[in-house]
Each structure stands twice: as C-alpha cells, then as structure tokens.
Amino acid sequence: MNRFPLVQSVDQDGKWVSQEEKIEGTLIKSFYRHMLRIRTFDKKAVTLQRQGRLGTYALFEGQEAAQVGSALALKDHDWLFPTYRDHGATLTFGADMVRTFLYWNGRTEGCVPPEGKRIFPPAVPIATQIPHAVGAGMTEKRKGSEAISIAYFGDGATSEGDFHEGLNFGSVFKTPTLFFCQNNGYAISVPIEKQMNSETIAQKADAYGIPGVRVDGNDCVAVYQTVKKAAERARAGEGPTLIEALTWRYGAHTTADDPSKYRDQSISDERRVTTDPLTRLALYMKRERIWDEQWASHIEKELKEEINDAVDKMEAFAKPDINNVFDHVFATPVWPITEQKERYLKHVKGVSS
C-alpha cells in the first residue's frame, strides 16, 4: 500500500537498503545476542513443557526481531505492557528469567517485575492491556515525566473493542503511548483476511488521527529505528503512534495447539530459510565485517548456561500454596469461593489418599 510502505533497513540477503545512517557494530551485536538469547529460551521452554516440567506455553520463535528491536528502543523508566507472548520483549527489557519460567508454571511470582522495572503482568485476555497502557502514558504526561508506555498486541487484538477505545482515548489526550502490533497473519486459527477487510493494520490509525507505520518485523534494525522515532515523538508531546510489524511465528499458537489444522506449515519451513530474523542479521554482520565466529560461539555457550541455571533455580522453588488460588480473589472471602475451596481440598485429599 503506497501510503503505508514497508519500512526496511536490512533486506533478506543482509544488505543495507535504508537511507538512514547505519547503526554502529556494538549495538548490532547486542541485537543479535538478545535475539539468540530469547530464541534459546523459547526452545528450552518448549522442551520443558513436553517433558512435563512447564505448563502450557506460548511460543514466539520467528518474532525475535520485533520483540528485541522494540524493547531495546525504550528507556529504563518506560512502561511495557505485554501479552502472554511477549516474554521475549520483557526479558530484553530486564525481566528476571527465573520468574519468567515461574510464570509459565502458573506461579504468581512470575508476575512480579524486578525492582524499578515498569513491566505490567502479562495480559492473557486479548487487548485488555491496551487501555491500561494509555492510562499509564496519560499519568506520566500529567506528571510532566519523559516516560512513555508501549502496548504489545497481535493482529487479533485489533478486532477487540479495547483496541479502538485505547487508540481513541490516546489520540484525544495525546498520550505518550506506542501501540505495537505484531502481525503474524493469524489470530489463533483465523487468517487475517477473514478477520478484517482493511488492507493493513497501520491504516486503522487514520480513524484516530495518529500516525500509522508498517515495518518489516523480521528486520531488528528497522524495528528499533521505527520504535525509537515513535518514542521520541511521544516524549516530545506529539502523541501516540500505531506500528504494525509484519512477522511470522513458526510454531503453534501454544503447546496445546496444532497449527497444521488451519495453516500450511511448509510456509514456516520456507520462512526459516528466507526471512529468519537471526539469519538476516548474521548475514548483515558478515557483510559489514562485524561477525566474529569466536564471539558467536562464546555467547551461544554463555546463554545456554544462563538458561539452564534459571531452570535449576525455577525447579528449586518450594511447591506453591494451593490456598493462594482462592484466598486472594476478594479482600474478604465470599461464600462461592469458600465452597469451591472446600470442595477442591476435599477432592485433593481423596485423590492423594
């Protein structure tokens, strides 16, 4: 679409194709390291789930450039509002890896960010975090702060009322909010052409009088530069931006899903060769003589050790207290929850005996 051209810095062959100034090598190496880190985490999490050591897990392999590029474009005091699939972004932004594993084991500790990190608990209901992100942005604006907020969501969220309410409120009050959509073509099992009639998601920004941008979501450099520009605009008091990052998730919606029921999985095999974000950046690094085999081998070993250590610490946690499931729903216990608790504890006692 001519009005919303695809922003790209590094093409699929690793060539620089942008009019922007090239990014220095140290930052490029940081992009690669973070992407490899979260891909290694993702693969480990899937293995743990298959072994029964982790609960149902939401995969993100293939979306590393979108998550790393966007998170690294933020400042430490900014607000990050993730979905259940954005633990790649939260880990890049500073979330604790042990607690991230705990989250996927159903532990409340997994929702607690490190001290000083403004990371909202992952939103599982679709799009509910978008109005929250707008509210946080509005608060920072009223405080006279430079901090901004970013709301992550998928293409399916754009069909929810929360998406439109968030964009409308953000545009009216010029909140410093970035609406970051990772469009991987499917909202669970529904392809985008059966979900919307508009040609792009970016064009939805027109209805709210805010800028809309489409970026190659497999190009970490382009994502970083796009989000950084939108963030600078927000910090300057110019309001929100809607960013559509076009990407592709290789695997299932979650480990409980079978994507072969609704999409041709051979496309994922092709994309691993043609559009993979890590391969693309590695090709660019080699062209620019930034790549170092010894460095690459070292970080691969280092990241595996970090992730294995995090797994050991996660599994060393004491078993969770089942009472927490019932006791913190309301400030004062109500009879339906009390009855549920009694029935459940009676059932567990019967099973164990």
# chains A, B, ... in the order shown; residues from 1 in each chain; ligands from 1
>>> select_by_dssp(residues="stretch 218-352 of chain A", states="strand (DSSP E)", output="ChimeraX atom specification")
/A:241-246
>>> write_last_selection(atoms="C-alpha atoms", output="PDB file, in the first residue's frame")
ATOM      1  CA  THR A 241       1.763   6.041  17.056  1.00  0.00           C
ATOM      2  CA  LEU A 242       0.345   2.774  15.724  1.00  0.00           C
ATOM      3  CA  ILE A 243       3.121   0.454  14.494  1.00  0.00           C
ATOM      4  CA  GLU A 244       2.368  -2.690  12.503  1.00  0.00           C
ATOM      5  CA  ALA A 245       5.319  -5.105  12.484  1.00  0.00           C
ATOM      6  CA  LEU A 246       4.858  -7.780   9.823  1.00  0.00           C
TER       7      LEU A 246
END
>>> residues_around(residues="A:Cys220", least_positions_apart="2", cutoff="9 Å", atoms="only C-alpha atoms", output="ChimeraX atom specification")
/A:9-10,28,31-32,35,64-70,216-218,222-225,277-278,281
>>> write_last_selection(atoms="N, CA, C and O atoms", output="PDB file, in the first residue's frame")
ATOM      1  N   SER A   9      15.371  -1.782   6.802  1.00  0.00           N
ATOM      2  CA  SER A   9      16.754  -1.304   6.843  1.00  0.00           C
ATOM      3  C   SER A   9      17.714  -2.334   6.266  1.00  0.00           C
ATOM      4  O   SER A   9      18.645  -2.007   5.542  1.00  0.00           O
ATOM      5  N   VAL A  10      17.477  -3.601   6.626  1.00  0.00           N
ATOM      6  CA  VAL A  10      18.322  -4.710   6.155  1.00  0.00           C
ATOM      7  C   VAL A  10      17.421  -5.709   5.440  1.00  0.00           C
ATOM      8  O   VAL A  10      16.443  -6.192   6.016  1.00  0.00           O
ATOM      9  N   ILE A  28      24.566  -3.502  17.001  1.00  0.00           N
ATOM     10  CA  ILE A  28      24.139  -4.606  16.136  1.00  0.00           C
ATOM     11  C   ILE A  28      24.414  -5.947  16.821  1.00  0.00           C
ATOM     12  O   ILE A  28      23.572  -6.858  16.818  1.00  0.00           O
ATOM     13  N   PHE A  31      21.833  -6.558  19.380  1.00  0.00           N
ATOM     14  CA  PHE A  31      20.593  -7.064  18.779  1.00  0.00           C
ATOM     15  C   PHE A  31      20.674  -8.583  18.619  1.00  0.00           C
ATOM     16  O   PHE A  31      19.746  -9.310  18.981  1.00  0.00           O
ATOM     17  N   TYR A  32      21.782  -9.027  18.033  1.00  0.00           N
ATOM     18  CA  TYR A  32      21.920 -10.459  17.751  1.00  0.00           C
ATOM     19  C   TYR A  32      21.935 -11.275  19.045  1.00  0.00           C
ATOM     20  O   TYR A  32      21.271 -12.304  19.153  1.00  0.00           O
ATOM     21  N   MET A  35      18.451 -11.497  20.541  1.00  0.00           N
ATOM     22  CA  MET A  35      17.581 -12.377  19.758  1.00  0.00           C
ATOM     23  C   MET A  35      17.937 -13.844  19.968  1.00  0.00           C
ATOM     24  O   MET A  35      17.056 -14.694  20.113  1.00  0.00           O
ATOM     25  N   GLU A  64      11.446 -12.752  17.030  1.00  0.00           N
ATOM     26  CA  GLU A  64      12.512 -12.193  17.874  1.00  0.00           C
ATOM     27  C   GLU A  64      12.891 -10.770  17.493  1.00  0.00           C
ATOM     28  O   GLU A  64      13.135  -9.928  18.370  1.00  0.00           O
ATOM     29  N   ALA A  65      12.954 -10.469  16.209  1.00  0.00           N
ATOM     30  CA  ALA A  65      13.370  -9.121  15.789  1.00  0.00           C
ATOM     31  C   ALA A  65      12.372  -8.068  16.254  1.00  0.00           C
ATOM     32  O   ALA A  65      12.761  -6.979  16.700  1.00  0.00           O
ATOM     33  N   ALA A  66      11.087  -8.381  16.152  1.00  0.00           N
ATOM     34  CA  ALA A  66      10.053  -7.438  16.562  1.00  0.00           C
ATOM     35  C   ALA A  66      10.133  -7.163  18.061  1.00  0.00           C
ATOM     36  O   ALA A  66      10.015  -6.013  18.504  1.00  0.00           O
ATOM     37  N   GLN A  67      10.353  -8.220  18.848  1.00  0.00           N
ATOM     38  CA  GLN A  67      10.358  -8.048  20.295  1.00  0.00           C
ATOM     39  C   GLN A  67      11.651  -7.408  20.798  1.00  0.00           C
ATOM     40  O   GLN A  67      11.620  -6.514  21.654  1.00  0.00           O
ATOM     41  N   VAL A  68      12.770  -7.829  20.280  1.00  0.00           N
ATOM     42  CA  VAL A  68      14.052  -7.267  20.722  1.00  0.00           C
ATOM     43  C   VAL A  68      14.217  -5.823  20.228  1.00  0.00           C
ATOM     44  O   VAL A  68      14.577  -4.925  21.002  1.00  0.00           O
ATOM     45  N   GLY A  69      13.955  -5.593  18.947  1.00  0.00           N
ATOM     46  CA  GLY A  69      14.128  -4.248  18.394  1.00  0.00           C
ATOM     47  C   GLY A  69      13.277  -3.215  19.102  1.00  0.00           C
ATOM     48  O   GLY A  69      13.731  -2.094  19.383  1.00  0.00           O
ATOM     49  N   SER A  70      12.039  -3.587  19.425  1.00  0.00           N
ATOM     50  CA  SER A  70      11.147  -2.643  20.103  1.00  0.00           C
ATOM     51  C   SER A  70      11.566  -2.408  21.543  1.00  0.00           C
ATOM     52  O   SER A  70      11.581  -1.266  22.025  1.00  0.00           O
ATOM     53  N   ASP A 216       9.011  -3.941   8.595  1.00  0.00           N
ATOM     54  CA  ASP A 216       9.395  -5.347   8.449  1.00  0.00           C
ATOM     55  C   ASP A 216       9.729  -5.886   9.836  1.00  0.00           C
ATOM     56  O   ASP A 216      10.774  -5.574  10.401  1.00  0.00           O
ATOM     57  N   GLY A 217       8.847  -6.689  10.389  1.00  0.00           N
ATOM     58  CA  GLY A 217       9.026  -7.195  11.739  1.00  0.00           C
ATOM     59  C   GLY A 217      10.104  -8.240  11.880  1.00  0.00           C
ATOM     60  O   GLY A 217      10.396  -8.680  13.004  1.00  0.00           O
ATOM     61  N   ASN A 218      10.712  -8.663  10.767  1.00  0.00           N
ATOM     62  CA  ASN A 218      11.840  -9.597  10.821  1.00  0.00           C
ATOM     63  C   ASN A 218      13.178  -8.877  10.672  1.00  0.00           C
ATOM     64  O   ASN A 218      14.223  -9.523  10.614  1.00  0.00           O
ATOM     65  N   ALA A 222      15.321  -2.178  11.556  1.00  0.00           N
ATOM     66  CA  ALA A 222      14.198  -1.329  11.152  1.00  0.00           C
ATOM     67  C   ALA A 222      13.193  -1.165  12.291  1.00  0.00           C
ATOM     68  O   ALA A 222      12.658  -0.074  12.498  1.00  0.00           O
ATOM     69  N   VAL A 223      12.937  -2.245  13.028  1.00  0.00           N
ATOM     70  CA  VAL A 223      12.011  -2.162  14.167  1.00  0.00           C
ATOM     71  C   VAL A 223      12.566  -1.189  15.210  1.00  0.00           C
ATOM     72  O   VAL A 223      11.853  -0.318  15.710  1.00  0.00           O
ATOM     73  N   TYR A 224      13.827  -1.346  15.528  1.00  0.00           N
ATOM     74  CA  TYR A 224      14.474  -0.473  16.518  1.00  0.00           C
ATOM     75  C   TYR A 224      14.364   0.994  16.108  1.00  0.00           C
ATOM     76  O   TYR A 224      13.967   1.853  16.900  1.00  0.00           O
ATOM     77  N   GLN A 225      14.700   1.283  14.852  1.00  0.00           N
ATOM     78  CA  GLN A 225      14.683   2.672  14.382  1.00  0.00           C
ATOM     79  C   GLN A 225      13.268   3.243  14.346  1.00  0.00           C
ATOM     80  O   GLN A 225      13.044   4.400  14.702  1.00  0.00           O
ATOM     81  N   PRO A 277      14.834 -13.843  11.226  1.00  0.00           N
ATOM     82  CA  PRO A 277      15.457 -12.607  11.721  1.00  0.00           C
ATOM     83  C   PRO A 277      16.902 -12.759  12.175  1.00  0.00           C
ATOM     84  O   PRO A 277      17.715 -11.849  11.980  1.00  0.00           O
ATOM     85  N   LEU A 278      17.253 -13.893  12.770  1.00  0.00           N
ATOM     86  CA  LEU A 278      18.636 -14.086  13.214  1.00  0.00           C
ATOM     87  C   LEU A 278      19.570 -14.299  12.034  1.00  0.00           C
ATOM     88  O   LEU A 278      20.674 -13.746  11.986  1.00  0.00           O
ATOM     89  N   LEU A 281      20.240 -10.934  10.257  1.00  0.00           N
ATOM     90  CA  LEU A 281      21.183 -10.054  10.936  1.00  0.00           C
ATOM     91  C   LEU A 281      22.601 -10.617  10.859  1.00  0.00           C
ATOM     92  O   LEU A 281      23.571  -9.861  10.713  1.00  0.00           O
TER      93      LEU A 281
END
>>> residues_around(residues="stretch 169-182 of chain A", least_positions_apart="5", cutoff="7 Å", atoms="only C-alpha atoms", output="ChimeraX atom specification")
/A:133-134,137-138,141,148-155,208-210,234-235,237-247
>>> write_last_selection(atoms="N, CA and C atoms", output="mmCIF file, in the first residue's frame")
data_model
loop_
_atom_site.group_PDB
_atom_site.id
_atom_site.type_symbol
_atom_site.label_atom_id
_atom_site.label_comp_id
_atom_site.auth_asym_id
_atom_site.auth_seq_id
_atom_site.Cartn_x
_atom_site.Cartn_y
_atom_site.Cartn_z
ATOM 1 N N ALA A 133 -2.222 0.667 29.117
ATOM 2 C CA ALA A 133 -1.016 1.346 28.625
ATOM 3 C C ALA A 133 -1.293 2.818 28.366
ATOM 4 N N VAL A 134 -2.471 3.107 27.827
ATOM 5 C CA VAL A 134 -2.856 4.501 27.579
ATOM 6 C C VAL A 134 -2.960 5.256 28.905
ATOM 7 N N GLY A 137 0.459 6.023 30.220
ATOM 8 C CA GLY A 137 1.040 7.114 29.450
ATOM 9 C C GLY A 137 0.452 8.460 29.845
ATOM 10 N N MET A 138 -0.862 8.485 30.052
ATOM 11 C CA MET A 138 -1.517 9.728 30.445
ATOM 12 C C MET A 138 -1.028 10.193 31.813
ATOM 13 N N LYS A 141 2.324 11.764 31.468
ATOM 14 C CA LYS A 141 2.196 13.079 30.837
ATOM 15 C C LYS A 141 1.744 14.124 31.861
ATOM 16 N N ILE A 148 7.329 7.017 28.626
ATOM 17 C CA ILE A 148 6.247 6.656 27.707
ATOM 18 C C ILE A 148 5.796 5.233 28.028
ATOM 19 N N SER A 149 4.725 4.807 27.366
ATOM 20 C CA SER A 149 4.255 3.428 27.519
ATOM 21 C C SER A 149 4.180 2.766 26.149
ATOM 22 N N ILE A 150 4.356 1.459 26.138
ATOM 23 C CA ILE A 150 4.201 0.692 24.901
ATOM 24 C C ILE A 150 3.276 -0.483 25.182
ATOM 25 N N ALA A 151 2.279 -0.659 24.313
ATOM 26 C CA ALA A 151 1.346 -1.778 24.413
ATOM 27 C C ALA A 151 1.637 -2.751 23.286
ATOM 28 N N TYR A 152 1.954 -3.994 23.639
ATOM 29 C CA TYR A 152 2.164 -5.056 22.659
ATOM 30 C C TYR A 152 0.841 -5.789 22.428
ATOM 31 N N PHE A 153 0.595 -6.174 21.188
ATOM 32 C CA PHE A 153 -0.595 -6.982 20.897
ATOM 33 C C PHE A 153 -0.442 -7.610 19.515
ATOM 34 N N GLY A 154 -1.285 -8.592 19.240
ATOM 35 C CA GLY A 154 -1.257 -9.264 17.946
ATOM 36 C C GLY A 154 -2.333 -8.729 17.029
ATOM 37 N N ASP A 155 -2.377 -9.249 15.808
ATOM 38 C CA ASP A 155 -3.365 -8.774 14.834
ATOM 39 C C ASP A 155 -4.791 -9.046 15.295
ATOM 40 N N TYR A 208 -8.193 7.643 13.865
ATOM 41 C CA TYR A 208 -7.957 8.315 15.138
ATOM 42 C C TYR A 208 -6.996 9.492 15.015
ATOM 43 N N GLY A 209 -6.641 9.813 13.788
ATOM 44 C CA GLY A 209 -5.819 10.996 13.562
ATOM 45 C C GLY A 209 -4.415 10.886 14.119
ATOM 46 N N ILE A 210 -3.868 9.677 14.112
ATOM 47 C CA ILE A 210 -2.499 9.476 14.593
ATOM 48 C C ILE A 210 -1.678 8.801 13.491
ATOM 49 N N ALA A 234 6.618 10.730 20.917
ATOM 50 C CA ALA A 234 5.757 10.670 22.104
ATOM 51 C C ALA A 234 6.337 11.497 23.247
ATOM 52 N N ARG A 235 7.654 11.412 23.439
ATOM 53 C CA ARG A 235 8.302 12.172 24.521
ATOM 54 C C ARG A 235 8.210 13.677 24.286
ATOM 55 N N GLY A 237 5.663 15.167 23.240
ATOM 56 C CA GLY A 237 4.286 15.605 23.442
ATOM 57 C C GLY A 237 3.416 15.541 22.208
ATOM 58 N N GLU A 238 3.865 14.791 21.185
ATOM 59 C CA GLU A 238 3.115 14.733 19.925
ATOM 60 C C GLU A 238 2.137 13.572 19.843
ATOM 61 N N GLY A 239 2.031 12.798 20.933
ATOM 62 C CA GLY A 239 1.008 11.765 20.992
ATOM 63 C C GLY A 239 1.429 10.397 20.508
ATOM 64 N N PRO A 240 0.440 9.486 20.389
ATOM 65 C CA PRO A 240 0.731 8.073 20.102
ATOM 66 C C PRO A 240 1.004 7.773 18.634
ATOM 67 N N THR A 241 1.525 6.574 18.400
ATOM 68 C CA THR A 241 1.763 6.041 17.056
ATOM 69 C C THR A 241 1.325 4.585 17.032
ATOM 70 N N LEU A 242 0.692 4.182 15.952
ATOM 71 C CA LEU A 242 0.345 2.774 15.724
ATOM 72 C C LEU A 242 1.398 2.166 14.806
ATOM 73 N N ILE A 243 2.066 1.121 15.271
ATOM 74 C CA ILE A 243 3.121 0.454 14.494
ATOM 75 C C ILE A 243 2.679 -0.975 14.201
ATOM 76 N N GLU A 244 2.684 -1.330 12.929
ATOM 77 C CA GLU A 244 2.368 -2.690 12.503
ATOM 78 C C GLU A 244 3.662 -3.369 12.059
ATOM 79 N N ALA A 245 4.102 -4.357 12.823
ATOM 80 C CA ALA A 245 5.319 -5.105 12.484
ATOM 81 C C ALA A 245 4.918 -6.427 11.838
ATOM 82 N N LEU A 246 5.218 -6.566 10.556
ATOM 83 C CA LEU A 246 4.858 -7.780 9.823
ATOM 84 C C LEU A 246 5.883 -8.875 10.099
ATOM 85 N N THR A 247 5.415 -9.990 10.644
ATOM 86 C CA THR A 247 6.326 -11.058 11.022
ATOM 87 C C THR A 247 5.651 -12.411 10.811
#
>>> closest_residue(among="A:Val213, A:Ala73, A:Ala89, A:Val221", to="A:Met285", atoms="only C-alpha atoms")
A:Val221
>>> residues_around(residues="A:Ala58", least_positions_apart="3", cutoff="9 Å", atoms="only C-alpha atoms", output="compact mmCIF listing (two decimals) with C-alpha atoms, in the first residue's frame")
# COMPACT_ATOMS: atom_id res chain seq x y z
CA ASP A 42 11.86 -20.25 23.77
CA VAL A 46 9.02 -25.89 24.67
CA TYR A 84 1.19 -13.63 27.07
CA ARG A 85 3.53 -13.99 24.06
CA TRP A 104 4.77 -20.47 32.77
CA ALA A 252 1.85 -23.27 17.17
CA HIS A 253 -0.28 -20.70 18.96
CA THR A 254 0.58 -22.57 22.18
CA THR A 255 1.91 -26.03 23.02
CA ALA A 256 -1.75 -27.11 23.26
>>> select_by_dssp(residues="stretch 28-173 of chain A", states="helix (DSSP H, G or I)", output="VMD selection string")
chain A and resid 28 to 50 64 to 72 87 to 93 97 to 103 108 to 111 129 to 143 155 to 159 161 to 172
>>> write_last_selection(atoms="C-alpha atoms", output="mmCIF file, in the first residue's frame")
data_model
loop_
_atom_site.group_PDB
_atom_site.id
_atom_site.type_symbol
_atom_site.label_atom_id
_atom_site.label_comp_id
_atom_site.auth_asym_id
_atom_site.auth_seq_id
_atom_site.Cartn_x
_atom_site.Cartn_y
_atom_site.Cartn_z
ATOM 1 C CA ILE A 28 24.139 -4.606 16.136
ATOM 2 C CA LYS A 29 25.926 -7.310 18.148
ATOM 3 C CA SER A 30 23.620 -6.519 21.067
ATOM 4 C CA PHE A 31 20.593 -7.064 18.779
ATOM 5 C CA TYR A 32 21.920 -10.459 17.751
ATOM 6 C CA ARG A 33 22.791 -11.532 21.292
ATOM 7 C CA HIS A 34 19.340 -10.616 22.635
ATOM 8 C CA MET A 35 17.581 -12.377 19.758
ATOM 9 C CA LEU A 36 19.660 -15.523 20.245
ATOM 10 C CA ARG A 37 19.015 -15.342 23.994
ATOM 11 C CA ILE A 38 15.243 -15.272 23.695
ATOM 12 C CA ARG A 39 15.196 -17.904 20.913
ATOM 13 C CA THR A 40 17.259 -20.215 23.122
ATOM 14 C CA PHE A 41 14.859 -19.507 25.991
ATOM 15 C CA ASP A 42 11.858 -20.248 23.768
ATOM 16 C CA LYS A 43 13.261 -23.576 22.579
ATOM 17 C CA LYS A 44 14.121 -24.588 26.142
ATOM 18 C CA ALA A 45 10.625 -23.704 27.342
ATOM 19 C CA VAL A 46 9.025 -25.894 24.667
ATOM 20 C CA THR A 47 11.294 -28.796 25.662
ATOM 21 C CA LEU A 48 10.403 -28.343 29.339
ATOM 22 C CA GLN A 49 6.688 -28.322 28.525
ATOM 23 C CA ARG A 50 6.988 -31.538 26.514
ATOM 24 C CA GLU A 64 12.512 -12.193 17.874
ATOM 25 C CA ALA A 65 13.370 -9.121 15.789
ATOM 26 C CA ALA A 66 10.053 -7.438 16.562
ATOM 27 C CA GLN A 67 10.358 -8.048 20.295
ATOM 28 C CA VAL A 68 14.052 -7.267 20.722
ATOM 29 C CA GLY A 69 14.128 -4.248 18.394
ATOM 30 C CA SER A 70 11.147 -2.643 20.103
ATOM 31 C CA ALA A 71 12.271 -3.336 23.688
ATOM 32 C CA LEU A 72 15.799 -2.025 23.125
ATOM 33 C CA HIS A 87 8.232 -12.588 27.258
ATOM 34 C CA GLY A 88 10.949 -12.121 24.640
ATOM 35 C CA ALA A 89 10.392 -8.369 24.911
ATOM 36 C CA THR A 90 10.131 -8.408 28.708
ATOM 37 C CA LEU A 91 13.337 -10.445 29.062
ATOM 38 C CA THR A 92 15.104 -7.983 26.773
ATOM 39 C CA PHE A 93 13.724 -5.064 28.803
ATOM 40 C CA MET A 97 14.397 -15.135 33.666
ATOM 41 C CA VAL A 98 13.712 -17.354 36.688
ATOM 42 C CA ARG A 99 10.451 -15.532 37.349
ATOM 43 C CA THR A 100 9.552 -15.770 33.654
ATOM 44 C CA PHE A 101 9.860 -19.553 33.873
ATOM 45 C CA LEU A 102 7.815 -19.478 37.084
ATOM 46 C CA TYR A 103 5.047 -17.607 35.257
ATOM 47 C CA THR A 108 2.162 -15.721 40.968
ATOM 48 C CA GLU A 109 5.840 -14.846 41.477
ATOM 49 C CA GLY A 110 6.156 -14.802 37.704
ATOM 50 C CA CYS A 111 4.078 -11.619 37.501
ATOM 51 C CA GLN A 129 -3.680 -4.210 28.326
ATOM 52 C CA ILE A 130 -4.120 -1.508 25.659
ATOM 53 C CA PRO A 131 -6.308 0.884 27.710
ATOM 54 C CA HIS A 132 -4.015 0.264 30.700
ATOM 55 C CA ALA A 133 -1.016 1.346 28.625
ATOM 56 C CA VAL A 134 -2.856 4.501 27.579
ATOM 57 C CA GLY A 135 -3.680 5.231 31.217
ATOM 58 C CA ALA A 136 -0.050 4.827 32.265
ATOM 59 C CA GLY A 137 1.040 7.114 29.450
ATOM 60 C CA MET A 138 -1.517 9.728 30.445
ATOM 61 C CA THR A 139 -0.323 9.561 34.057
ATOM 62 C CA GLU A 140 3.281 10.167 33.022
ATOM 63 C CA LYS A 141 2.196 13.079 30.837
ATOM 64 C CA ARG A 142 0.285 14.716 33.700
ATOM 65 C CA LYS A 143 3.297 14.247 35.978
ATOM 66 C CA ASP A 155 -3.365 -8.774 14.834
ATOM 67 C CA GLY A 156 -6.342 -10.452 16.528
ATOM 68 C CA ALA A 157 -6.461 -7.727 19.177
ATOM 69 C CA THR A 158 -7.387 -5.150 16.535
ATOM 70 C CA SER A 159 -10.840 -6.773 16.362
ATOM 71 C CA GLY A 161 -13.178 -3.010 21.451
ATOM 72 C CA ASP A 162 -10.271 -2.350 23.835
ATOM 73 C CA PHE A 163 -8.024 -1.678 20.834
ATOM 74 C CA HIS A 164 -10.329 1.010 19.418
ATOM 75 C CA GLU A 165 -11.088 2.517 22.818
ATOM 76 C CA GLY A 166 -7.369 2.692 23.603
ATOM 77 C CA LEU A 167 -6.483 4.357 20.301
ATOM 78 C CA ASN A 168 -9.352 6.800 20.584
ATOM 79 C CA PHE A 169 -8.528 7.825 24.159
ATOM 80 C CA GLY A 170 -4.807 8.011 23.402
ATOM 81 C CA SER A 171 -5.338 10.176 20.333
ATOM 82 C CA VAL A 172 -7.786 12.567 22.019
#
>>> closest_residue(among="A:Met196, A:Arg271, A:Leu74, A:Ala316", to="A:Val227", atoms="only C-alpha atoms")
A:Leu74
>>> atom_distance(atom1="atom CA of A:Trp291", atom2="atom CA of A:Leu303")
17.6 Å
>>> residues_around(residues="A:Ser268", least_positions_apart="3", cutoff="10 Å", atoms="only C-alpha atoms", output="ChimeraX atom specification")
/A:62,248-251,263-265,271-276
>>> closest_residue(among="A:Thr279, A:Gln51, A:Asn183, A:Thr56", to="A:Gly14", atoms="only C-alpha atoms")
A:Thr279
>>> atom_distance(atom1="atom CA of A:Asp292", atom2="atom CA of A:Trp16")
19.1 Å
>>> residues_around(residues="A:Leu345", least_positions_apart="6", cutoff="12 Å", atoms="only C-alpha atoms", output="ChimeraX atom specification")
/A:321-323,325-326,338-339,351-352
>>> atom_distance(atom1="atom CA of A:Asp269", atom2="atom CA of A:Val190")
20.1 Å
